[in-house]
Amino acid sequence: MALDSFFKRIEAHYSAQLPFVSYRKPNSLKLNAILQNTDEIYVTTDFKEKGFVFSPFDDNDDTILTPIEFSTLITCSEELPSIENQEEEEKNIQNGSVLIAPDARFHHLDLIKKGIVAIKDKTLDKVVLSRQETVRLSTSNPIPILKNLLNTYASAFVYCWYHPKIGLWLGATPETLLKIEGKRFSMMALAGTQDYKGTLDVKWEEKERQEQQFVTDFIVQHLKPSVEQFRLSAVETVKAGNLVHLKTMITAELKPETLLRHVISDLHPTPAVCGVPKNKSKQFILKHEPYNREFYTGFLGELNLDISVSPRSGRRNVENRAYAMKKRSTQLYVNLRCMQLKNDTAILYMGGGITKDSNPEQEWQETVSKSMVIKNALL
Ligand SMILES: C=C(O[C@H]1C=CC=C(C(=O)O)[C@@H]1O)C(=O)O
């Protein structure tokens, strides 16, 4: 489908107040949209459903499903024209549309200090603490913002998700929660943040290394019983917008008896967004953060979609195509660098991992840098 028609279909669906999700996977040119036929709310019961899931931070709450069977799928592989006047747009935002509450810094520093006390008391080892920020928009139309995110963040999972009875969310996340293709499994331990200064050759402090190691250790511990042929990559520095993070890739094969529902409930929320130990840090977040995260630090993506996979080796000839196999694929991403649009405002969400060595002022600055990922795409 041509780009114009693709966005027109989404805008028409949005105007008709019908649920949809539009997204592009990391480093892909293909834009997808799943347009739900009615405004019913569907939820997952056992993660055996097929569709697109949108799941909140709190794993006691429902995961919303856009079921394939009650939706229309459209795709577009045409490249987006690049945005003009990007700098002008960035200036607009800095020139007064940001509604930072004057005491936002003070409150966030206080929250971080509480987290450090809980760690020094040995109640927690790590906790990810976050805040919201409200930005007034010049438009309530999400499509131009989606286009900006698509133009700006080629290596992120970029999306716009809408349900008239739930809300309107957009984001450009660098973090994969998990990918399953057939029985092949992979996931990412991503944590530790610095501003990107033109090179990936950066020095990491012990604090960031430990913060990321907590994530890797948690994944290893919780995943091992469900998989075989478990492999860990070396830790590497990766760029995500104006930031860099530390990343380890985990690959494995799922045991035949493993249920996706169990894998997800064992892993989500990981210490990249919650903390160690998982339940205590979750309780700390629910008690002390002064707002409800809703879908921020939840996960989203394709669930059990049928894809066809070409053979990995061999010549690309006609006979080979005949061997292309149908596989079931699930690709879930952590909902970071995201915002919720409400009326004419965008509510931005950003947080950071707190450990015993955290410096509250630096942690605040890190949330300011993270907020720029989204602000750069606002109008
Ligand atoms: C919780 C967020 O980021 C997580 C992912 C990467 C690095 C993080 C960090 O350095 O704290 C966080 O664990 C966020 O962007 O709001």
# chains A, B, ... in the order shown; residues from 1 in each chain; ligands from 1
>>> residues_near_ligand(ligand="ligand 1", cutoff="10 Å", atoms="only C-alpha atoms and all ligand atoms", output="number ranges by chain")
A: 127-132, 173-175, 189-194, 208-209, 211-212, 215, 240, 243-247, 270-275, 296-297, 334-338, 348-355, 363, 366-367, 369-371, 373
>>> write_last_selection(atoms="N, CA and C atoms", output="compact mmCIF listing (two decimals), in the first residue's frame")
# COMPACT_ATOMS: atom_id res chain seq x y z
N VAL A 127 16.36 -0.75 42.35
CA VAL A 127 14.97 -0.39 42.04
C VAL A 127 14.96 0.67 40.94
N VAL A 128 14.05 0.52 39.97
CA VAL A 128 13.96 1.49 38.87
C VAL A 128 12.84 2.49 39.21
N LEU A 129 13.23 3.75 39.36
CA LEU A 129 12.27 4.78 39.78
C LEU A 129 12.05 5.78 38.66
N SER A 130 10.80 6.21 38.52
CA SER A 130 10.48 7.00 37.34
C SER A 130 9.62 8.20 37.68
N ARG A 131 9.40 9.03 36.67
CA ARG A 131 8.56 10.22 36.83
C ARG A 131 7.83 10.50 35.52
N GLN A 132 6.85 11.40 35.62
CA GLN A 132 6.09 11.85 34.44
C GLN A 132 6.41 13.30 34.17
N THR A 173 10.94 2.56 21.47
CA THR A 173 11.71 1.87 22.51
C THR A 173 12.92 1.12 21.95
N PRO A 174 14.05 1.17 22.68
CA PRO A 174 15.23 0.44 22.23
C PRO A 174 15.28 -0.99 22.77
N GLU A 175 14.33 -1.37 23.64
CA GLU A 175 14.50 -2.64 24.36
C GLU A 175 13.53 -3.74 23.93
N ALA A 189 19.24 -7.94 27.81
CA ALA A 189 19.38 -7.32 29.14
C ALA A 189 19.96 -5.94 28.89
N LEU A 190 19.13 -4.92 29.00
CA LEU A 190 19.55 -3.55 28.66
C LEU A 190 19.45 -2.67 29.90
N ALA A 191 20.53 -2.00 30.23
CA ALA A 191 20.49 -1.06 31.37
C ALA A 191 21.78 -0.24 31.35
N GLY A 192 21.85 0.76 32.22
CA GLY A 192 23.01 1.65 32.26
C GLY A 192 22.84 2.68 31.16
N THR A 193 23.01 3.95 31.48
CA THR A 193 22.75 5.00 30.50
C THR A 193 23.80 6.09 30.57
N GLN A 194 24.21 6.58 29.40
CA GLN A 194 25.01 7.80 29.30
C GLN A 194 24.51 8.57 28.09
N GLU A 208 27.08 1.47 36.68
CA GLU A 208 26.27 1.08 35.51
C GLU A 208 26.45 -0.40 35.18
N ARG A 209 27.70 -0.87 35.32
CA ARG A 209 27.97 -2.28 35.01
C ARG A 209 27.16 -3.18 35.95
N GLU A 211 24.43 -2.33 37.60
CA GLU A 211 23.00 -2.12 37.32
C GLU A 211 22.54 -3.04 36.17
N GLN A 212 23.42 -3.17 35.15
CA GLN A 212 23.07 -4.01 34.00
C GLN A 212 23.23 -5.50 34.35
N VAL A 215 20.26 -7.21 35.72
CA VAL A 215 19.25 -7.60 34.73
C VAL A 215 19.64 -8.95 34.12
N ALA A 240 20.98 4.43 21.47
CA ALA A 240 19.51 4.51 21.37
C ALA A 240 19.16 5.99 21.39
N LEU A 243 21.20 8.59 23.45
CA LEU A 243 21.76 7.89 24.62
C LEU A 243 22.55 6.65 24.21
N VAL A 244 23.37 6.14 25.15
CA VAL A 244 23.95 4.80 24.97
C VAL A 244 23.63 3.96 26.20
N HIS A 245 23.50 2.64 25.96
CA HIS A 245 23.22 1.71 27.05
C HIS A 245 24.17 0.52 26.96
N LEU A 246 24.18 -0.28 28.05
CA LEU A 246 24.91 -1.55 28.03
C LEU A 246 23.92 -2.68 27.71
N LYS A 247 24.34 -3.59 26.83
CA LYS A 247 23.41 -4.65 26.41
C LYS A 247 24.08 -6.03 26.39
N THR A 270 11.18 -7.11 34.31
CA THR A 270 12.58 -7.43 34.59
C THR A 270 13.21 -6.30 35.42
N PRO A 271 14.41 -6.53 35.96
CA PRO A 271 15.07 -5.46 36.72
C PRO A 271 15.51 -4.27 35.85
N ALA A 272 15.32 -4.32 34.53
CA ALA A 272 15.58 -3.13 33.70
C ALA A 272 14.51 -2.08 33.94
N VAL A 273 13.34 -2.52 34.45
CA VAL A 273 12.24 -1.56 34.67
C VAL A 273 11.63 -1.63 36.06
N CYS A 274 12.01 -2.67 36.84
CA CYS A 274 11.40 -2.85 38.17
C CYS A 274 12.48 -2.92 39.24
N GLY A 275 13.12 -4.05 39.43
CA GLY A 275 14.21 -4.11 40.41
C GLY A 275 14.47 -5.51 40.89
N TYR A 296 3.47 2.30 30.73
CA TYR A 296 4.92 2.59 30.72
C TYR A 296 5.63 1.46 31.48
N THR A 297 6.72 0.94 30.93
CA THR A 297 7.48 -0.22 31.45
C THR A 297 6.68 -1.53 31.41
N VAL A 334 9.80 -3.74 25.37
CA VAL A 334 9.49 -3.10 26.64
C VAL A 334 9.04 -1.67 26.34
N ASN A 335 7.96 -1.24 26.96
CA ASN A 335 7.41 0.07 26.62
C ASN A 335 8.16 1.20 27.34
N LEU A 336 9.30 1.61 26.73
CA LEU A 336 10.13 2.71 27.24
C LEU A 336 10.11 3.85 26.24
N ARG A 337 10.64 5.01 26.64
CA ARG A 337 10.72 6.20 25.77
C ARG A 337 9.34 6.39 25.12
N CYS A 338 8.34 6.51 25.97
CA CYS A 338 6.97 6.54 25.47
C CYS A 338 6.18 7.69 26.10
N LEU A 348 4.84 12.34 29.31
CA LEU A 348 6.07 11.58 29.02
C LEU A 348 6.48 10.80 30.26
N TYR A 349 7.08 9.64 30.04
CA TYR A 349 7.48 8.78 31.16
C TYR A 349 8.96 8.43 31.03
N MET A 350 9.72 8.59 32.13
CA MET A 350 11.13 8.19 32.08
C MET A 350 11.62 7.84 33.47
N GLY A 351 12.51 6.85 33.52
CA GLY A 351 13.02 6.40 34.82
C GLY A 351 14.44 5.93 34.70
N GLY A 352 14.98 5.44 35.81
CA GLY A 352 16.36 4.97 35.79
C GLY A 352 16.60 4.01 36.95
N GLY A 353 17.59 3.16 36.76
CA GLY A 353 17.91 2.14 37.75
C GLY A 353 18.72 2.74 38.89
N ILE A 354 18.22 2.51 40.13
CA ILE A 354 18.90 3.02 41.33
C ILE A 354 19.60 1.85 42.02
N THR A 355 20.88 2.06 42.33
CA THR A 355 21.62 1.06 43.10
C THR A 355 22.27 1.77 44.29
N GLU A 363 21.05 10.91 38.57
CA GLU A 363 19.86 10.13 38.18
C GLU A 363 18.77 11.05 37.64
N GLU A 366 19.69 12.03 34.19
CA GLU A 366 19.44 10.92 33.25
C GLU A 366 17.98 10.92 32.79
N THR A 367 17.06 11.24 33.69
CA THR A 367 15.65 11.28 33.26
C THR A 367 15.41 12.48 32.33
N SER A 369 17.65 13.63 30.17
CA SER A 369 18.15 13.17 28.85
C SER A 369 17.16 12.21 28.21
N LYS A 370 16.60 11.30 29.00
CA LYS A 370 15.65 10.33 28.43
C LYS A 370 14.40 11.03 27.91
N SER A 371 14.00 12.12 28.58
CA SER A 371 12.79 12.83 28.12
C SER A 371 13.00 13.44 26.74
N VAL A 373 14.33 12.11 24.17
CA VAL A 373 14.06 11.14 23.09
C VAL A 373 12.66 11.42 22.53
>>> closest_atom_pairs(of="range 275-348 of chain A", to="range 155-163 of chain A", cutoff="12 Å", atoms="only C-alpha atoms", output="CSV")
residue,atom,partner,partner_atom,distance
A:Phe295,CA,A:Trp161,CA,10.8
A:Phe299,CA,A:Phe157,CA,11.4
A:Leu300,CA,A:Tyr159,CA,9.4
A:Gly301,CA,A:Phe157,CA,9.2
A:Glu302,CA,A:Phe157,CA,11.7
A:Gln331,CA,A:Phe157,CA,10.4
A:Leu332,CA,A:Phe157,CA,9.7
A:Tyr333,CA,A:Phe157,CA,7.3
A:Val334,CA,A:Phe157,CA,9.3
A:Asn335,CA,A:Phe157,CA,9.3
A:Leu336,CA,A:Phe157,CA,9.9
A:Arg337,CA,A:Val158,CA,9.8
A:Cys338,CA,A:Tyr159,CA,9.2
A:Met339,CA,A:Cys160,CA,9.7
A:Gln340,CA,A:Trp161,CA,9.5
A:Leu341,CA,A:Tyr162,CA,9.8
A:Lys342,CA,A:Tyr162,CA,11.4
>>> atom_distance(atom1="CA of Ile374 in chain A", atom2="CA of Ser82 in chain A")
17.2 Å
>>> atom_distance(atom1="CA of Thr38 in chain A", atom2="CA of Phe6 in chain A")
19.3 Å
>>> closest_residue(among="A:Thr345, A:Gln36, A:Ser140, A:Thr66", to="Val53 in chain A", atoms="only C-alpha atoms")
A:Thr66
>>> select_by_dssp(residues="range 80-282 of chain A", states="strand (DSSP E or B)", output="MDAnalysis selection string")
chainID A and resid 98:99 126:136 157:163 167:173 176:181 184:195 227:232 236:240 243:254 275:276
>>> residues_around(residues="His107 in chain A", least_positions_apart="3", cutoff="12 Å", atoms="only C-alpha atoms", output="list in words")
Ile100, Ala101, Pro102, Asp103, Ala104, Asp110, Leu111, Ile112, Lys113, Lys114, Leu129, Ser130, Arg131, Gln132, His288, Glu289, Pro290, Pro360, Glu361 and Trp364 of chain A
>>> write_last_selection(atoms="C-alpha atoms", output="JSON list (two decimals), in the first residue's frame")
[["chain", "number", "residue", "atom", "x", "y", "z"],
["A", 100, "ILE", "CA", 7.57, 20.92, 34.24],
["A", 101, "ALA", "CA", 6.09, 21.31, 37.69],
["A", 102, "PRO", "CA", 8.51, 23.63, 39.55],
["A", 103, "ASP", "CA", 9.02, 21.05, 42.28],
["A", 104, "ALA", "CA", 9.40, 18.05, 39.88],
["A", 110, "ASP", "CA", 13.35, 12.70, 47.23],
["A", 111, "LEU", "CA", 12.05, 9.48, 45.61],
["A", 112, "ILE", "CA", 15.56, 8.46, 44.57],
["A", 113, "LYS", "CA", 16.88, 9.11, 48.08],
["A", 114, "LYS", "CA", 14.12, 6.87, 49.49],
["A", 129, "LEU", "CA", 12.27, 4.78, 39.78],
["A", 130, "SER", "CA", 10.48, 7.00, 37.34],
["A", 131, "ARG", "CA", 8.56, 10.22, 36.83],
["A", 132, "GLN", "CA", 6.09, 11.85, 34.44],
["A", 288, "HIS", "CA", 6.30, 5.48, 46.46],
["A", 289, "GLU", "CA", 5.95, 6.64, 42.85],
["A", 290, "PRO", "CA", 3.32, 9.39, 42.96],
["A", 360, "PRO", "CA", 20.54, 11.43, 42.98],
["A", 361, "GLU", "CA", 21.47, 14.52, 40.93],
["A", 364, "TRP", "CA", 17.64, 13.21, 37.76]]
>>> atom_distance(atom1="CA of Trp204 in chain A", atom2="CA of Val238 in chain A")
12.3 Å
